[in-house]
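Okay, data_24.cif is below, mmCIF, C-alpha atoms:
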data_structure
#
loop_
_atom_site.group_PDB
_atom_site.id
_atom_site.type_symbol
_atom_site.label_atom_id
_atom_site.label_comp_id
_atom_site.auth_asym_id
_atom_site.auth_seq_id
_atom_site.Cartn_x
_atom_site.Cartn_y
_atom_site.Cartn_z
ATOM 1 C CA MET S 1 197.688 165.946 192.944
ATOM 2 C CA SER S 2 199.274 162.628 193.894
ATOM 3 C CA THR S 3 203.045 162.560 193.986
ATOM 4 C CA CYS S 4 203.032 158.802 193.314
ATOM 5 C CA LYS S 5 204.420 158.314 189.824
ATOM 6 C CA ASN S 6 202.826 155.586 187.683
ATOM 7 C CA PHE S 7 204.656 153.871 184.812
ATOM 8 C CA SER S 8 202.191 151.000 184.208
ATOM 9 C CA VAL S 9 200.021 151.295 181.099
ATOM 10 C CA ILE S 10 197.626 148.681 182.545
ATOM 11 C CA GLU S 11 197.213 150.711 185.725
ATOM 12 C CA TYR S 12 196.848 153.866 183.646
ATOM 13 C CA PHE S 13 193.830 152.480 181.789
ATOM 14 C CA ASN S 14 192.424 150.949 184.987
ATOM 15 C CA ARG S 15 192.378 154.442 186.472
ATOM 16 C CA LYS S 16 190.809 155.904 183.332
ATOM 17 C CA ALA S 17 188.139 153.187 183.337
ATOM 18 C CA ALA S 18 187.241 153.997 186.941
ATOM 19 C CA GLN S 19 186.531 157.592 185.882
ATOM 20 C CA PHE S 20 184.819 156.836 182.557
ATOM 21 C CA THR S 21 181.099 156.941 181.733
ATOM 22 C CA PRO S 22 180.157 156.026 178.141
ATOM 23 C CA SER S 23 178.492 158.954 176.385
ATOM 24 C CA MET S 24 175.682 156.748 175.002
ATOM 25 C CA ARG S 25 174.933 154.835 178.209
ATOM 26 C CA PHE S 26 171.168 154.346 178.720
ATOM 27 C CA GLN S 27 170.159 155.516 182.180
ATOM 28 C CA ASN S 28 166.461 156.338 181.830
ATOM 29 C CA GLN S 29 163.376 154.230 182.452
ATOM 30 C CA THR S 30 160.421 154.849 180.128
ATOM 31 C CA GLY S 31 159.677 153.244 176.789
ATOM 32 C CA VAL S 32 159.584 156.649 175.104
ATOM 33 C CA GLU S 33 163.066 157.476 176.406
ATOM 34 C CA PHE S 34 164.342 154.085 175.289
ATOM 35 C CA THR S 35 163.018 154.493 171.747
ATOM 36 C CA LYS S 36 164.652 157.915 171.433
ATOM 37 C CA TRP S 37 167.947 156.613 172.863
ATOM 38 C CA GLN S 38 167.837 153.568 170.590
ATOM 39 C CA LYS S 39 167.547 155.694 167.437
ATOM 40 C CA THR S 40 170.329 158.040 168.545
ATOM 41 C CA LEU S 41 172.605 155.095 169.375
ATOM 42 C CA LYS S 42 171.912 153.328 166.077
ATOM 43 C CA ASP S 43 172.606 156.464 164.042
ATOM 44 C CA LYS S 44 175.885 156.943 165.909
ATOM 45 C CA LEU S 45 176.929 153.314 165.390
ATOM 46 C CA LYS S 46 176.178 153.500 161.665
ATOM 47 C CA LEU S 47 178.406 156.556 161.419
ATOM 48 C CA LEU S 48 181.250 154.898 163.329
ATOM 49 C CA LEU S 49 181.054 151.593 161.434
ATOM 50 C CA GLY S 50 181.238 153.346 158.066
ATOM 51 C CA SER S 51 179.409 152.801 154.807
ATOM 52 C CA GLY S 52 181.469 149.855 153.514
ATOM 53 C CA PRO S 53 181.789 148.587 149.945
ATOM 54 C CA GLU S 54 179.038 149.024 147.372
ATOM 55 C CA PRO S 55 176.300 146.385 147.819
ATOM 56 C CA VAL S 56 175.624 143.818 145.112
ATOM 57 C CA PRO S 57 172.747 141.372 144.527
ATOM 58 C CA LEU S 58 172.813 138.189 146.609
ATOM 59 C CA ASN S 59 173.065 135.924 143.554
ATOM 60 C CA PRO S 60 172.250 132.801 145.637
ATOM 61 C CA GLN S 61 173.465 129.445 144.341
ATOM 62 C CA ILE S 62 172.460 126.146 145.960
ATOM 63 C CA VAL S 63 175.543 123.917 145.654
ATOM 64 C CA TRP S 64 174.123 120.759 147.201
ATOM 65 C CA GLU S 65 171.042 119.548 149.045
ATOM 66 C CA ILE S 66 170.454 116.424 151.128
ATOM 67 C CA GLN S 67 167.695 115.205 153.428
ATOM 68 C CA GLU S 68 168.670 113.777 156.818
ATOM 69 C CA ASP S 69 167.848 114.228 160.529
ATOM 70 C CA GLY S 70 164.309 115.162 159.452
ATOM 71 C CA LEU S 71 165.710 118.226 157.680
ATOM 72 C CA VAL S 72 166.528 119.486 154.233
ATOM 73 C CA LYS S 73 170.164 120.576 154.451
ATOM 74 C CA ARG S 74 171.647 122.943 151.895
ATOM 75 C CA ARG S 75 174.929 124.624 151.110
ATOM 76 C CA VAL S 76 174.268 128.031 149.533
ATOM 77 C CA LEU S 77 176.707 130.565 148.066
ATOM 78 C CA LEU S 78 175.941 134.281 148.466
ATOM 79 C CA ASP S 79 177.735 137.411 147.260
ATOM 80 C CA ALA S 80 178.795 140.013 149.845
ATOM 81 C CA ASP S 81 180.289 142.567 147.438
ATOM 82 C CA LYS S 82 182.023 142.422 144.069
ATOM 83 C CA ASP S 83 185.213 141.108 145.705
ATOM 84 C CA MET S 84 183.841 138.707 148.331
ATOM 85 C CA SER S 85 181.425 135.781 148.519
ATOM 86 C CA PHE S 86 180.623 133.357 151.339
ATOM 87 C CA ALA S 87 179.037 129.973 151.867
ATOM 88 C CA ALA S 88 176.073 129.328 154.131
ATOM 89 C CA LEU S 89 174.745 126.111 155.609
ATOM 90 C CA MET S 90 170.960 126.140 155.889
ATOM 91 C CA TYR S 91 168.736 123.571 157.592
ATOM 92 C CA ILE S 92 165.016 123.489 156.817
ATOM 93 C CA PRO S 93 162.497 121.421 158.823
ATOM 94 C CA LEU S 94 160.141 119.520 156.527
ATOM 95 C CA SER S 95 157.213 121.157 158.305
ATOM 96 C CA ALA S 96 158.365 124.579 157.040
ATOM 97 C CA PHE S 97 157.397 123.601 153.489
ATOM 98 C CA GLU S 98 153.796 123.296 154.720
ATOM 99 C CA LYS S 99 153.767 126.407 156.932
ATOM 100 C CA PRO S 100 156.471 129.126 156.959
ATOM 101 C CA ALA S 101 158.671 128.736 160.034
ATOM 102 C CA PRO S 102 160.593 131.212 162.189
ATOM 103 C CA ALA S 103 164.287 131.411 161.317
ATOM 104 C CA ILE S 104 167.508 131.818 163.295
ATOM 105 C CA LEU S 105 170.859 133.184 162.164
ATOM 106 C CA CYS S 106 173.324 131.024 164.135
ATOM 107 C CA ASN S 107 176.700 132.678 164.752
ATOM 108 C CA HIS S 108 179.914 130.755 165.408
ATOM 109 C CA GLY S 109 182.539 131.531 168.015
ATOM 110 C CA HIS S 110 186.248 132.331 167.715
ATOM 111 C CA GLY S 111 187.302 128.843 166.692
ATOM 112 C CA LYS S 112 188.890 126.970 163.820
ATOM 113 C CA PHE S 113 185.824 125.390 162.259
ATOM 114 C CA GLY S 114 183.386 128.294 161.912
ATOM 115 C CA LYS S 115 179.894 127.398 160.770
ATOM 116 C CA ASP S 116 180.584 123.648 160.571
ATOM 117 C CA SER S 117 180.634 123.181 164.350
ATOM 118 C CA VAL S 118 177.530 125.319 164.868
ATOM 119 C CA MET S 119 175.595 123.315 162.290
ATOM 120 C CA GLY S 120 176.722 119.973 163.736
ATOM 121 C CA MET S 121 178.890 118.917 160.788
ATOM 122 C CA ARG S 122 180.726 116.124 162.572
ATOM 123 C CA SER S 123 183.779 114.637 160.881
ATOM 124 C CA LYS S 124 185.526 111.256 160.718
ATOM 125 C CA THR S 125 188.887 112.984 160.251
ATOM 126 C CA GLU S 126 188.593 116.324 162.130
ATOM 127 C CA LEU S 127 188.103 114.815 165.581
ATOM 128 C CA GLN S 128 188.864 118.191 167.198
ATOM 129 C CA ARG S 129 185.671 119.527 165.660
ATOM 130 C CA ASN S 130 183.632 116.730 167.216
ATOM 131 C CA GLU S 131 185.259 117.384 170.596
ATOM 132 C CA GLU S 132 184.502 121.105 170.292
ATOM 133 C CA ILE S 133 180.834 120.392 169.561
ATOM 134 C CA ALA S 134 180.554 118.076 172.560
ATOM 135 C CA GLU S 135 182.426 120.339 174.983
ATOM 136 C CA PHE S 136 180.428 123.507 174.292
ATOM 137 C CA ASN S 137 177.070 122.004 173.253
ATOM 138 C CA TYR S 138 178.011 123.897 170.146
ATOM 139 C CA ASP S 139 175.685 122.528 167.445
ATOM 140 C CA TYR S 140 172.788 124.840 168.243
ATOM 141 C CA GLY S 141 172.140 125.379 164.513
ATOM 142 C CA LEU S 142 171.282 121.699 164.190
ATOM 143 C CA GLN S 143 169.442 121.516 167.514
ATOM 144 C CA MET S 144 167.211 124.500 166.755
ATOM 145 C CA ALA S 145 166.421 123.177 163.262
ATOM 146 C CA GLN S 146 165.312 119.908 164.852
ATOM 147 C CA ARG S 147 162.999 121.993 167.040
ATOM 148 C CA GLY S 148 161.248 123.479 164.006
ATOM 149 C CA TYR S 149 163.289 126.572 163.098
ATOM 150 C CA VAL S 150 164.927 127.273 159.753
ATOM 151 C CA THR S 151 168.574 127.850 160.665
ATOM 152 C CA ILE S 152 171.452 129.398 158.735
ATOM 153 C CA ALA S 153 175.131 129.893 159.540
ATOM 154 C CA ILE S 154 178.104 131.337 157.657
ATOM 155 C CA ASP S 155 181.824 131.675 158.212
ATOM 156 C CA TYR S 156 182.640 135.206 159.253
ATOM 157 C CA MET S 157 185.831 136.753 157.911
ATOM 158 C CA CYS S 158 189.017 134.940 159.030
ATOM 159 C CA PHE S 159 187.132 131.770 160.061
ATOM 160 C CA GLY S 160 186.329 128.421 158.452
ATOM 161 C CA GLU S 161 186.350 128.624 154.665
ATOM 162 C CA ARG S 162 187.389 132.280 154.880
ATOM 163 C CA SER S 163 190.440 131.670 157.068
ATOM 164 C CA ASP S 164 193.078 131.582 154.287
ATOM 165 C CA GLY S 165 194.431 128.313 155.605
ATOM 166 C CA GLU S 166 196.045 127.319 158.871
ATOM 167 C CA ASN S 167 198.615 130.062 159.382
ATOM 168 C CA PRO S 168 198.722 132.863 156.785
ATOM 169 C CA TYR S 169 200.440 135.243 159.235
ATOM 170 C CA PRO S 170 202.921 133.263 161.374
ATOM 171 C CA ASP S 171 202.895 134.256 165.054
ATOM 172 C CA ARG S 172 200.093 136.762 164.441
ATOM 173 C CA ASP S 173 196.338 136.716 164.981
ATOM 174 C CA LYS S 174 194.854 136.859 161.478
ATOM 175 C CA CYS S 175 191.767 138.697 162.758
ATOM 176 C CA ASN S 176 194.053 141.392 164.134
ATOM 177 C CA VAL S 177 196.088 141.635 160.928
ATOM 178 C CA ASN S 178 193.029 141.876 158.694
ATOM 179 C CA TYR S 179 191.381 144.351 161.065
ATOM 180 C CA ILE S 180 194.413 146.618 160.637
ATOM 181 C CA ARG S 181 194.521 146.085 156.864
ATOM 182 C CA GLY S 182 190.863 147.026 156.522
ATOM 183 C CA ASN S 183 191.138 150.081 158.761
ATOM 184 C CA LEU S 184 193.954 151.482 156.626
ATOM 185 C CA MET S 185 191.458 151.638 153.741
ATOM 186 C CA GLY S 186 188.443 152.723 155.786
ATOM 187 C CA TYR S 187 186.872 149.263 156.158
ATOM 188 C CA ASN S 188 185.912 148.016 159.609
ATOM 189 C CA LEU S 189 186.113 144.214 159.935
ATOM 190 C CA LEU S 190 183.209 144.085 162.381
ATOM 191 C CA ALA S 191 181.105 146.200 160.007
ATOM 192 C CA LEU S 192 181.870 143.823 157.131
ATOM 193 C CA ASN S 193 180.790 140.854 159.258
ATOM 194 C CA ILE S 194 177.586 142.654 160.247
ATOM 195 C CA ARG S 195 176.972 143.307 156.556
ATOM 196 C CA ASP S 196 177.358 139.604 155.779
ATOM 197 C CA ALA S 197 174.964 138.679 158.586
ATOM 198 C CA GLN S 198 172.410 141.110 157.167
ATOM 199 C CA LYS S 199 172.883 139.519 153.758
ATOM 200 C CA CYS S 200 171.782 136.246 155.366
ATOM 201 C CA ILE S 201 168.683 137.962 156.719
ATOM 202 C CA ASP S 202 167.999 139.418 153.256
ATOM 203 C CA TYR S 203 168.179 135.888 151.867
ATOM 204 C CA LEU S 204 165.943 134.408 154.574
ATOM 205 C CA CYS S 205 163.299 137.022 153.781
ATOM 206 C CA THR S 206 163.129 135.848 150.152
ATOM 207 C CA LEU S 207 162.264 132.247 151.051
ATOM 208 C CA ARG S 208 158.661 131.071 150.998
ATOM 209 C CA TYR S 209 159.214 128.670 153.904
ATOM 210 C CA VAL S 210 160.510 131.408 156.251
ATOM 211 C CA ASN S 211 158.257 133.730 158.235
ATOM 212 C CA PRO S 212 160.039 137.085 157.689
ATOM 213 C CA ASN S 213 158.394 138.554 160.783
ATOM 214 C CA ARG S 214 159.918 135.910 163.081
ATOM 215 C CA ILE S 215 163.690 136.024 162.627
ATOM 216 C CA GLY S 216 166.119 135.719 165.520
ATOM 217 C CA THR S 217 169.831 135.279 166.068
ATOM 218 C CA MET S 218 172.008 133.434 168.563
ATOM 219 C CA GLY S 219 175.653 132.716 169.211
ATOM 220 C CA LEU S 220 178.427 131.749 171.600
ATOM 221 C CA SER S 221 181.516 133.869 172.395
ATOM 222 C CA PHE S 222 182.411 135.702 169.156
ATOM 223 C CA GLY S 223 178.999 134.454 168.080
ATOM 224 C CA GLY S 224 177.629 136.413 171.051
ATOM 225 C CA THR S 225 179.454 139.460 169.723
ATOM 226 C CA MET S 226 177.778 139.051 166.350
ATOM 227 C CA THR S 227 174.410 138.350 167.962
ATOM 228 C CA THR S 228 174.665 141.591 169.941
ATOM 229 C CA TRP S 229 175.670 143.739 166.990
ATOM 230 C CA VAL S 230 173.282 142.257 164.436
ATOM 231 C CA ALA S 231 170.374 142.642 166.859
ATOM 232 C CA MET S 232 171.360 146.281 167.464
ATOM 233 C CA MET S 233 171.794 147.152 163.805
ATOM 234 C CA ASP S 234 168.925 145.238 162.136
ATOM 235 C CA GLU S 235 165.335 145.747 163.241
ATOM 236 C CA ARG S 236 164.243 142.550 161.468
ATOM 237 C CA ILE S 237 165.773 140.621 164.365
ATOM 238 C CA LYS S 238 162.963 140.006 166.858
ATOM 239 C CA ALA S 239 164.843 137.865 169.404
ATOM 240 C CA ALA S 240 168.507 137.513 170.380
ATOM 241 C CA ASP S 241 170.175 134.769 172.446
ATOM 242 C CA ILE S 242 173.627 135.999 173.510
ATOM 243 C CA ILE S 243 175.434 132.920 174.843
ATOM 244 C CA CYS S 244 178.494 134.176 176.724
ATOM 245 C CA TYR S 245 179.965 137.381 175.343
ATOM 246 C CA SER S 246 179.917 140.634 177.229
ATOM 247 C CA CYS S 247 182.013 141.617 180.220
ATOM 248 C CA ARG S 248 183.005 144.706 182.168
ATOM 249 C CA PHE S 249 185.252 146.175 179.512
ATOM 250 C CA LYS S 250 187.667 147.605 182.089
#

Would you mind writing the structure in this file as structure tokens?
Amino acid sequence: MSTCKNFSVIEYFNRKAAQFTPSMRFQNQTGVEFTKWQKTLKDKLKLLLGSGPEPVPLNPQIVWEIQEDGLVKRRVLLDADKDMSFAALMYIPLSAFEKPAPAILCNHGHGKFGKDSVMGMRSKTELQRNEEIAEFNYDYGLQMAQRGYVTIAIDYMCFGERSDGENPYPDRDKCNVNYIRGNLMGYNLLALNIRDAQKCIDYLCTLRYVNPNRIGTMGLSFGGTMTTWVAMMDERIKAADIICYSCRFK
């Protein structure tokens, strides 16, 4: 045993990471092995994420609708559970009303403006939003709708319209605070966001202008996180575009 004493917590976990192999790591090759591994992994993830609050009907409400950019644009309200609702922006190509189109759930990153940036909602007053869109080519919800896909985006918890204002917890990360609050009661914040994403997919599957067999998801940064998890947890997702997310977790 080494006699060199270590007092660094960072170094401690670096050493542990060097020795660690995830128990659910996929290391085989065949399709049969993959299918078996996939089911085992999904069952394990469901257990770890928890059951969450009791589901409720979607109760969709279209708040407004306009036609521009060759699209029908809608703001829709959906219910997550009895204590939480969320707003979605949905863009529908006119061609989808003639023939059902594939759909994409577009996930926003860890930024101030949530779904609005992703759906290209430029502003005359929020110039930072316009700069964010330009810098990251961030309006993929609008771009993909203009390419013939029905697109939908929501604010995940702690973002956009669900951010509780500018600074509800001074000098704290509100995602971190709400993650802790939820965990104390057995609710996982990531699981709740996955649930809301799946609610969007439920809604897409009810629409006559959406092909329910051709639904994908995409996202940047935190949106890549959501893209990864929704694709893992929901078999209705047939394609996933993870734009910048994963790393070597060490």

Practice item. May I have the residues within 6 Å of segment 207-220 of chain S as number ranges by chain, using all atoms listed in the file and disregarding those fewer than 3 positions away in the same chain? Key: S: 96-97, 100-107, 109, 204, 223-224, 227, 237-244

Revision key, fill the gap. Atom CA of Ala153 of chain S sits from atom CA of Tyr91 of chain S at a separation of 9.2 Å

Check your understanding: So what do you get for atom CA of Leu48 of chain S versus atom CA of Ser246 of chain S, distance-wise?
Key -> 20.0 Å

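Closest approach to Met185 of chain S from the set S:Pro168, S:Gly50, S:Arg74, S:Asn59 is made by S:Gly50, with distances taken over only C-alpha atoms.
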
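The neighbours of Ala17 of chain S here are the residues that come within 12 Å of it, using all atoms listed in the file and leaving out any residue fewer than 5 positions away in the same chain; they are Ile10, Glu11, Tyr12, Pro22, Arg248, Phe249 and Lys250 of chain S.
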
Exercise for review: Up to 12 Å from (185.9, 142.6, 159.2) in the file's coordinates: name the residues, counting all atoms listed in the file, as an MDAnalysis selection string.
Suggested key: chainID S and resid 49:50 52:53 84 155:159 162 174:183 185:197 226

Check your understanding: Which one of S:Leu184, S:Gly165, S:Gly148, S:Lys99 sits closest to Lys112 of chain S if you count only C-alpha atoms?
Key -> S:Gly165

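Put simply, atom CA of Gly70 of chain S is 16.7 Å away from atom CA of Arg122 of chain S.
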
Practice item. Name every residue that the PyMOL selection byres ((chain S and resi 138) around 10) selects in this structure, writing the answer as an NGL selection string with chains first and numbers rising. Key: :S and (108-109 or 116-120 or 129-137 or 139-143 or 219-220)

Point to revise | Closest of S:Glu166, S:Asp79, S:Asp234, S:Asp202 to Gln61 of chain S - atom-to-atom distances counting all atoms listed in the file | key: S:Asp79

Exercise for review: For Met233 of chain S, please output as a list of chain:residue names all residues within 10 Å (counting only C-alpha atoms; exclusion window: fewer than 2 positions along the same chain).
Suggested key: S:Leu41, S:Lys42, S:Asp43, S:Leu45, S:Lys46, S:Ile194, S:Arg195, S:Gln198, S:Thr228, S:Trp229, S:Val230, S:Ala231, S:Glu235, S:Arg236, S:Ile237

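Restricting the calculation to all atoms listed in the file, the smallest distance between Gln67 of chain S and any of S:Ala87, S:Ala80, S:Leu47, S:Leu94 is found for S:Leu94.
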